[in-house]
file coords_0.pdb (PDB, C-alpha atoms (C1' of nucleotides))
ATOM      1  CA  MET A   1     125.812 110.492  20.981  1.00  0.00           C
ATOM      2  CA  LYS A   2     125.950 108.165  18.011  1.00  0.00           C
ATOM      3  CA  THR A   3     128.827 106.054  16.928  1.00  0.00           C
ATOM      4  CA  GLU A   4     129.400 103.115  14.676  1.00  0.00           C
ATOM      5  CA  PRO A   5     130.699 100.376  16.954  1.00  0.00           C
ATOM      6  CA  SER A   6     133.017  99.158  14.193  1.00  0.00           C
ATOM      7  CA  VAL A   7     134.718 102.558  14.446  1.00  0.00           C
ATOM      8  CA  PHE A   8     134.439 103.287  18.156  1.00  0.00           C
ATOM      9  CA  SER A   9     132.203 101.338  20.521  1.00  0.00           C
ATOM     10  CA  LEU A  10     131.210 101.675  24.150  1.00  0.00           C
ATOM     11  CA  GLN A  11     133.568  98.777  24.860  1.00  0.00           C
ATOM     12  CA  ASP A  12     136.356 100.731  23.186  1.00  0.00           C
ATOM     13  CA  LEU A  13     135.624 103.665  25.477  1.00  0.00           C
ATOM     14  CA  LYS A  14     135.690 101.380  28.490  1.00  0.00           C
ATOM     15  CA  ALA A  15     139.058 100.030  27.394  1.00  0.00           C
ATOM     16  CA  CYS A  16     140.623 103.505  27.180  1.00  0.00           C
ATOM     17  CA  PRO A  17     143.027 104.762  29.851  1.00  0.00           C
ATOM     18  CA  GLU A  18     140.837 106.023  32.698  1.00  0.00           C
ATOM     19  CA  GLN A  19     137.913 104.887  30.526  1.00  0.00           C
ATOM     20  CA  THR A  20     138.078 108.322  28.937  1.00  0.00           C
ATOM     21  CA  ALA A  21     138.407 109.393  25.318  1.00  0.00           C
ATOM     22  CA  GLU A  22     138.441 112.498  23.153  1.00  0.00           C
ATOM     23  CA  TRP A  23     135.349 112.638  20.963  1.00  0.00           C
ATOM     24  CA  GLU A  24     137.094 113.543  17.743  1.00  0.00           C
ATOM     25  CA  GLY A  25     135.713 113.726  14.245  1.00  0.00           C
ATOM     26  CA  VAL A  26     132.398 115.567  14.513  1.00  0.00           C
ATOM     27  CA  ARG A  27     132.196 117.364  11.156  1.00  0.00           C
ATOM     28  CA  ASN A  28     128.653 118.625  11.082  1.00  0.00           C
ATOM     29  CA  TYR A  29     127.853 122.156  12.168  1.00  0.00           C
ATOM     30  CA  GLN A  30     124.612 121.408  13.947  1.00  0.00           C
ATOM     31  CA  ALA A  31     126.160 118.528  15.864  1.00  0.00           C
ATOM     32  CA  ARG A  32     129.153 120.697  16.689  1.00  0.00           C
ATOM     33  CA  ASN A  33     126.921 123.439  18.040  1.00  0.00           C
ATOM     34  CA  PHE A  34     125.052 121.026  20.271  1.00  0.00           C
ATOM     35  CA  MET A  35     128.358 119.763  21.587  1.00  0.00           C
ATOM     36  CA  ARG A  36     129.816 123.242  22.051  1.00  0.00           C
ATOM     37  CA  ASP A  37     126.779 124.943  23.536  1.00  0.00           C
ATOM     38  CA  GLY A  38     124.864 122.153  25.183  1.00  0.00           C
ATOM     39  CA  MET A  39     127.291 119.730  26.777  1.00  0.00           C
ATOM     40  CA  LYS A  40     128.469 120.637  30.253  1.00  0.00           C
ATOM     41  CA  LYS A  41     130.933 118.886  32.508  1.00  0.00           C
ATOM     42  CA  GLY A  42     129.090 116.195  34.458  1.00  0.00           C
ATOM     43  CA  ASP A  43     126.311 115.840  31.878  1.00  0.00           C
ATOM     44  CA  ALA A  44     125.175 112.294  31.253  1.00  0.00           C
ATOM     45  CA  VAL A  45     125.314 111.005  27.682  1.00  0.00           C
ATOM     46  CA  LEU A  46     123.296 108.207  26.123  1.00  0.00           C
ATOM     47  CA  PHE A  47     125.552 106.071  23.958  1.00  0.00           C
ATOM     48  CA  TYR A  48     124.013 104.876  20.699  1.00  0.00           C
ATOM     49  CA  HIS A  49     125.406 102.297  18.294  1.00  0.00           C
ATOM     50  CA  SER A  50     124.407 102.958  14.679  1.00  0.00           C
ATOM     51  CA  ALA A  51     124.904 101.073  11.411  1.00  0.00           C
ATOM     52  CA  THR A  52     124.873  97.710  13.107  1.00  0.00           C
ATOM     53  CA  LYS A  53     122.598  94.658  13.171  1.00  0.00           C
ATOM     54  CA  VAL A  54     120.583  96.077  16.026  1.00  0.00           C
ATOM     55  CA  PRO A  55     120.953  99.846  16.255  1.00  0.00           C
ATOM     56  CA  ALA A  56     120.485 100.600  19.935  1.00  0.00           C
ATOM     57  CA  ILE A  57     121.243 102.671  22.971  1.00  0.00           C
ATOM     58  CA  VAL A  58     123.790 100.481  24.698  1.00  0.00           C
ATOM     59  CA  GLY A  59     124.790 102.436  27.774  1.00  0.00           C
ATOM     60  CA  SER A  60     125.867 105.786  29.069  1.00  0.00           C
ATOM     61  CA  ALA A  61     128.875 108.026  29.523  1.00  0.00           C
ATOM     62  CA  VAL A  62     129.622 111.323  31.197  1.00  0.00           C
ATOM     63  CA  VAL A  63     131.176 114.559  29.956  1.00  0.00           C
ATOM     64  CA  VAL A  64     134.471 115.125  31.766  1.00  0.00           C
ATOM     65  CA  ARG A  65     135.752 118.008  29.658  1.00  0.00           C
ATOM     66  CA  GLU A  66     133.701 120.607  27.842  1.00  0.00           C
ATOM     67  CA  ALA A  67     134.178 121.568  24.202  1.00  0.00           C
ATOM     68  CA  TYR A  68     137.671 122.534  23.038  1.00  0.00           C
ATOM     69  CA  PRO A  69     139.312 122.555  19.607  1.00  0.00           C
ATOM     70  CA  ASP A  70     139.413 119.195  17.832  1.00  0.00           C
ATOM     71  CA  HIS A  71     143.117 118.828  17.018  1.00  0.00           C
ATOM     72  CA  SER A  72     142.470 115.969  14.610  1.00  0.00           C
ATOM     73  CA  SER A  73     141.002 118.592  12.260  1.00  0.00           C
ATOM     74  CA  TRP A  74     144.446 120.010  11.452  1.00  0.00           C
ATOM     75  CA  ASP A  75     146.307 116.713  11.530  1.00  0.00           C
ATOM     76  CA  PRO A  76     147.030 115.716   7.914  1.00  0.00           C
ATOM     77  CA  GLU A  77     147.430 112.127   9.060  1.00  0.00           C
ATOM     78  CA  SER A  78     143.928 112.032  10.505  1.00  0.00           C
ATOM     79  CA  LYS A  79     140.980 110.784   8.542  1.00  0.00           C
ATOM     80  CA  TYR A  80     139.095 113.727  10.023  1.00  0.00           C
ATOM     81  CA  PHE A  81     141.525 116.271   8.567  1.00  0.00           C
ATOM     82  CA  ASP A  82     139.935 119.510   7.369  1.00  0.00           C
ATOM     83  CA  ALA A  83     142.157 121.915   5.436  1.00  0.00           C
ATOM     84  CA  LYS A  84     139.985 124.815   6.511  1.00  0.00           C
ATOM     85  CA  SER A  85     140.665 124.231  10.195  1.00  0.00           C
ATOM     86  CA  SER A  86     143.866 125.276  11.965  1.00  0.00           C
ATOM     87  CA  PRO A  87     145.162 125.811  15.514  1.00  0.00           C
ATOM     88  CA  ASP A  88     144.768 129.559  14.959  1.00  0.00           C
ATOM     89  CA  ASN A  89     141.283 129.197  13.604  1.00  0.00           C
ATOM     90  CA  PRO A  90     139.774 125.905  14.741  1.00  0.00           C
ATOM     91  CA  ARG A  91     136.567 125.016  13.025  1.00  0.00           C
ATOM     92  CA  TRP A  92     135.641 121.907  15.006  1.00  0.00           C
ATOM     93  CA  VAL A  93     135.461 121.008  18.656  1.00  0.00           C
ATOM     94  CA  MET A  94     135.518 117.860  20.762  1.00  0.00           C
ATOM     95  CA  VAL A  95     134.611 116.915  24.309  1.00  0.00           C
ATOM     96  CA  ASP A  96     136.138 114.278  26.569  1.00  0.00           C
ATOM     97  CA  LEU A  97     133.875 111.445  27.584  1.00  0.00           C
ATOM     98  CA  ARG A  98     134.182 108.900  30.355  1.00  0.00           C
ATOM     99  CA  TYR A  99     132.549 105.488  30.338  1.00  0.00           C
ATOM    100  CA  GLN A 100     129.718 105.204  32.829  1.00  0.00           C
ATOM    101  CA  GLN A 101     127.777 101.988  32.312  1.00  0.00           C
ATOM    102  CA  GLU A 102     126.734  99.367  29.828  1.00  0.00           C
ATOM    103  CA  PHE A 103     123.096  98.326  29.889  1.00  0.00           C
ATOM    104  CA  ALA A 104     122.384  94.669  30.650  1.00  0.00           C
ATOM    105  CA  GLU A 105     120.680  94.607  27.274  1.00  0.00           C
ATOM    106  CA  PRO A 106     120.777  97.148  24.431  1.00  0.00           C
ATOM    107  CA  LEU A 107     117.596  99.148  23.873  1.00  0.00           C
ATOM    108  CA  GLY A 108     116.808  98.874  20.172  1.00  0.00           C
ATOM    109  CA  LEU A 109     114.840 101.394  18.164  1.00  0.00           C
ATOM    110  CA  GLU A 110     111.750  99.225  18.044  1.00  0.00           C
ATOM    111  CA  GLU A 111     111.711  98.986  21.789  1.00  0.00           C
ATOM    112  CA  LEU A 112     112.438 102.668  22.301  1.00  0.00           C
ATOM    113  CA  ARG A 113     109.437 103.522  20.155  1.00  0.00           C
ATOM    114  CA  LYS A 114     107.211 101.694  22.607  1.00  0.00           C
ATOM    115  CA  ILE A 115     108.136 104.027  25.460  1.00  0.00           C
ATOM    116  CA  PRO A 116     105.518 106.782  25.652  1.00  0.00           C
ATOM    117  CA  GLN A 117     107.888 109.370  27.120  1.00  0.00           C
ATOM    118  CA  LEU A 118     110.116 109.039  24.054  1.00  0.00           C
ATOM    119  CA  LYS A 119     107.444 109.963  21.568  1.00  0.00           C
ATOM    120  CA  GLU A 120     109.176 113.235  20.740  1.00  0.00           C
ATOM    121  CA  MET A 121     112.732 111.981  21.070  1.00  0.00           C
ATOM    122  CA  MET A 122     114.978 113.324  18.344  1.00  0.00           C
ATOM    123  CA  LEU A 123     116.670 109.983  17.810  1.00  0.00           C
ATOM    124  CA  LEU A 124     113.370 108.424  16.783  1.00  0.00           C
ATOM    125  CA  ARG A 125     112.416 111.043  14.234  1.00  0.00           C
ATOM    126  CA  ARG A 126     112.694 109.850  10.679  1.00  0.00           C
ATOM    127  CA  GLY A 127     115.606 111.065   8.666  1.00  0.00           C
ATOM    128  CA  MET A 128     117.500 111.956  11.831  1.00  0.00           C
ATOM    129  CA  ARG A 129     121.186 111.598  11.106  1.00  0.00           C
ATOM    130  CA  LEU A 130     122.721 113.989  13.604  1.00  0.00           C
ATOM    131  CA  SER A 131     125.484 112.310  15.563  1.00  0.00           C
ATOM    132  CA  ILE A 132     124.973 114.572  18.577  1.00  0.00           C
ATOM    133  CA  GLN A 133     121.476 115.208  19.843  1.00  0.00           C
ATOM    134  CA  PRO A 134     120.092 116.872  22.937  1.00  0.00           C
ATOM    135  CA  VAL A 135     118.118 114.559  25.226  1.00  0.00           C
ATOM    136  CA  THR A 136     115.625 115.893  27.755  1.00  0.00           C
ATOM    137  CA  LYS A 137     115.819 114.874  31.392  1.00  0.00           C
ATOM    138  CA  ARG A 138     112.483 113.149  31.040  1.00  0.00           C
ATOM    139  CA  GLU A 139     113.701 111.158  28.051  1.00  0.00           C
ATOM    140  CA  TYR A 140     116.958 110.279  29.737  1.00  0.00           C
ATOM    141  CA  GLU A 141     115.213 109.016  32.841  1.00  0.00           C
ATOM    142  CA  ALA A 142     112.700 107.006  30.833  1.00  0.00           C
ATOM    143  CA  VAL A 143     115.550 105.286  28.985  1.00  0.00           C
ATOM    144  CA  LEU A 144     117.392 104.486  32.209  1.00  0.00           C
ATOM    145  CA  ARG A 145     114.248 103.150  33.854  1.00  0.00           C
ATOM    146  CA  ARG A 146     113.676 100.831  30.930  1.00  0.00           C
ATOM    147  CA  ALA A 147     117.298  99.728  30.960  1.00  0.00           C
ATOM    148  CA  GLU A 148     117.111  98.855  34.654  1.00  0.00           C
ATOM    149  CA  VAL A 149     114.047  96.685  34.199  1.00  0.00           C
ATOM    150  CA  LYS A 150     115.863  94.370  31.835  1.00  0.00           C
TER     151      LYS A 150
ATOM    152  C1'  DG B   1     122.910  96.674  -1.168  1.00  0.00           C
ATOM    153  C1'  DC B   2     118.794  99.711  -1.597  1.00  0.00           C
ATOM    154  C1'  DC B   3     117.173 104.096  -1.074  1.00  0.00           C
ATOM    155  C1'  DA B   4     115.198 108.112   1.523  1.00  0.00           C
ATOM    156  C1'  DA B   5     116.656 112.037   3.713  1.00  0.00           C
ATOM    157  C1'  DC B   6     119.824 115.161   4.547  1.00  0.00           C
ATOM    158  C1'  DG B   7     124.135 118.290   4.022  1.00  0.00           C
ATOM    159  C1'  DT B   8     127.507 120.334   0.973  1.00  0.00           C
ATOM    160  C1'  DT B   9     129.302 122.115  -3.219  1.00  0.00           C
ATOM    161  C1'  DG B  10     129.697 124.998  -7.018  1.00  0.00           C
ATOM    162  C1'  DG B  11     128.022 126.999 -11.463  1.00  0.00           C
ATOM    163  C1'  DC B  12     125.361 130.648 -12.713  1.00  0.00           C
TER     164       DC B  12
ATOM    165  C1'  DG C   1     121.732 133.548  -3.241  1.00  0.00           C
ATOM    166  C1'  DC C   2     119.403 129.876  -5.890  1.00  0.00           C
ATOM    167  C1'  DC C   3     119.291 125.177  -6.816  1.00  0.00           C
ATOM    168  C1'  DA C   4     120.815 120.937  -9.221  1.00  0.00           C
ATOM    169  C1'  DA C   5     124.111 117.536  -8.618  1.00  0.00           C
ATOM    170  C1'  DC C   6     126.569 114.952  -5.724  1.00  0.00           C
ATOM    171  C1'  DG C   7     128.114 112.669  -1.365  1.00  0.00           C
ATOM    172  C1'  DT C   8     126.943 110.617   3.085  1.00  0.00           C
ATOM    173  C1'  DT C   9     124.272 108.466   6.591  1.00  0.00           C
ATOM    174  C1'  DG C  10     121.939 104.735   8.370  1.00  0.00           C
ATOM    175  C1'  DG C  11     117.608 101.968   8.901  1.00  0.00           C
ATOM    176  C1'  DC C  12     115.774  98.326   6.576  1.00  0.00           C
TER     177       DC C  12
END
call {"tool": "encode", "arguments": {"input": "coords_0.pdb", "output": "C-alpha cells"}}
result
Amino acid sequence: MKTEPSVFSLQDLKACPEQTAEWEGVRNYQARNFMRDGMKKGDAVLFYHSATKVPAIVGSAVVVREAYPDHSSWDPESKYFDAKSSPDNPRWVMVDLRYQQEFAEPLGLEELRKIPQLKEMMLLRRGMRLSIQPVTKREYEAVLRRAEVK
DNA sequence: GCCAACGTTGGC
DNA sequence: GCCAACGTTGGC
C-alpha cells in the first residue's frame, strides 16, 4: 500500500490508538477492487512511502478488518468526499490496518530493482500509480529477507 | 518543477 | 461508445 508520508506515514500509523487506522480515501476503482477482493484479515501489507526524497518500502502492517464502506466518502467535510457515494449506496471501501514493523532502513526503488525475485513486482513497473497492489508471497518474503539483512 | 503515464470526463 | 481534453500521480 502506497501513501505519501506527508499525508499519512508509517510513523503516523504507529502513533494511532492501538496502532490501528482506517485506510480512508482510496478513490480508484482498480485499487478499490484489490482492497475489497484481495485483502483478508491477517494479511501482511508492505508499506510504501511515495512522493518523497527516497521513495521506499519502509515497513509492514497487517489487515485487522476487511473491506467495509468508506464513510469519509459521504462526509462533506472530508477531502475524500464523493457526491455519488452514500450510506445507502457506498461506492468506496476501506480496511483497517495495524502497524507491524518499521525496517531498520527503508528499501528504495533502486535497491528493490536489484532483487531478482522482484523482477515482476507491480510496484517496479513503469507508469505504475496504483495505491493498492497485490504482492506475491515470494515477493513479500524477498523484501523481508532484504530488510532483515540491513 | 518537468513530464510521462494513466484515469476520468464529457461532447458528439 | 469513441476519443480529445483535462486532471492527477509520482519518479526524476
call {"tool": "resolve_selection", "arguments": {"input": "coords_0.pdb", "expression": "the PyMOL selection byres ((chain A) within 10 of (chain C))", "output": "JSON, numbers by chain"}}
result
{"A": [4, 50, 51, 52, 53, 54, 55, 109, 126, 127, 128, 129, 130, 131]}
call {"tool": "atom_distance", "arguments": {"input": "coords_0.pdb", "atom1": "atom CA of A:Glu105", "atom2": "atom CA of A:Glu66"}}
result
29.1 Å
call {"tool": "atom_distance", "arguments": {"input": "coords_0.pdb", "atom1": "atom CA of A:Thr136", "atom2": "atom CA of A:Val58"}}
result
17.7 Å
call {"tool": "residues_around", "arguments": {"input": "coords_0.pdb", "residues": "stretch 21-32 of chain A", "least_positions_apart": "6", "cutoff": "6 Å", "atoms": "only C-alpha atoms (C1' of nucleotides)", "output": "PDB file with C-alpha atoms, in the frame of the given file"}}
result
ATOM      1  CA  TYR A  80     139.095 113.727  10.023  1.00  0.00           C
ATOM      2  CA  MET A  94     135.518 117.860  20.762  1.00  0.00           C
ATOM      3  CA  VAL A  95     134.611 116.915  24.309  1.00  0.00           C
ATOM      4  CA  ASP A  96     136.138 114.278  26.569  1.00  0.00           C
ATOM      5  CA  LEU A  97     133.875 111.445  27.584  1.00  0.00           C
ATOM      6  CA  ILE A 132     124.973 114.572  18.577  1.00  0.00           C
TER       7      ILE A 132
END
call {"tool": "residues_around", "arguments": {"input": "coords_0.pdb", "residues": "A:Ser73", "least_positions_apart": "6", "cutoff": "7 Å", "atoms": "only C-alpha atoms (C1' of nucleotides)", "output": "MDAnalysis selection string"}}
result
chainID A and resid 80:82 85 92
call {"tool": "decode", "arguments": {"input": "coords_0.pdb", "residues": "chain C", "atoms": "C-alpha atoms (C1' of nucleotides)", "output": "JSON list (two decimals), in the first residue's frame"}}
result
[["chain", "number", "residue", "atom", "x", "y", "z"],
["C", 1, "DG", "C1'", -19.21, 4.24, -27.35],
["C", 2, "DC", "C1'", -15.35, 6.95, -29.24],
["C", 3, "DC", "C1'", -11.76, 9.95, -28.17],
["C", 4, "DA", "C1'", -9.76, 14.54, -27.20],
["C", 5, "DA", "C1'", -9.02, 17.33, -23.39],
["C", 6, "DC", "C1'", -8.05, 17.64, -18.91],
["C", 7, "DG", "C1'", -6.54, 16.31, -14.16],
["C", 8, "DT", "C1'", -3.54, 13.55, -11.20],
["C", 9, "DT", "C1'", 0.30, 10.84, -9.79],
["C", 10, "DG", "C1'", 4.89, 10.34, -8.73],
["C", 11, "DG", "C1'", 9.76, 9.36, -10.15],
["C", 12, "DC", "C1'", 13.36, 12.05, -11.52]]
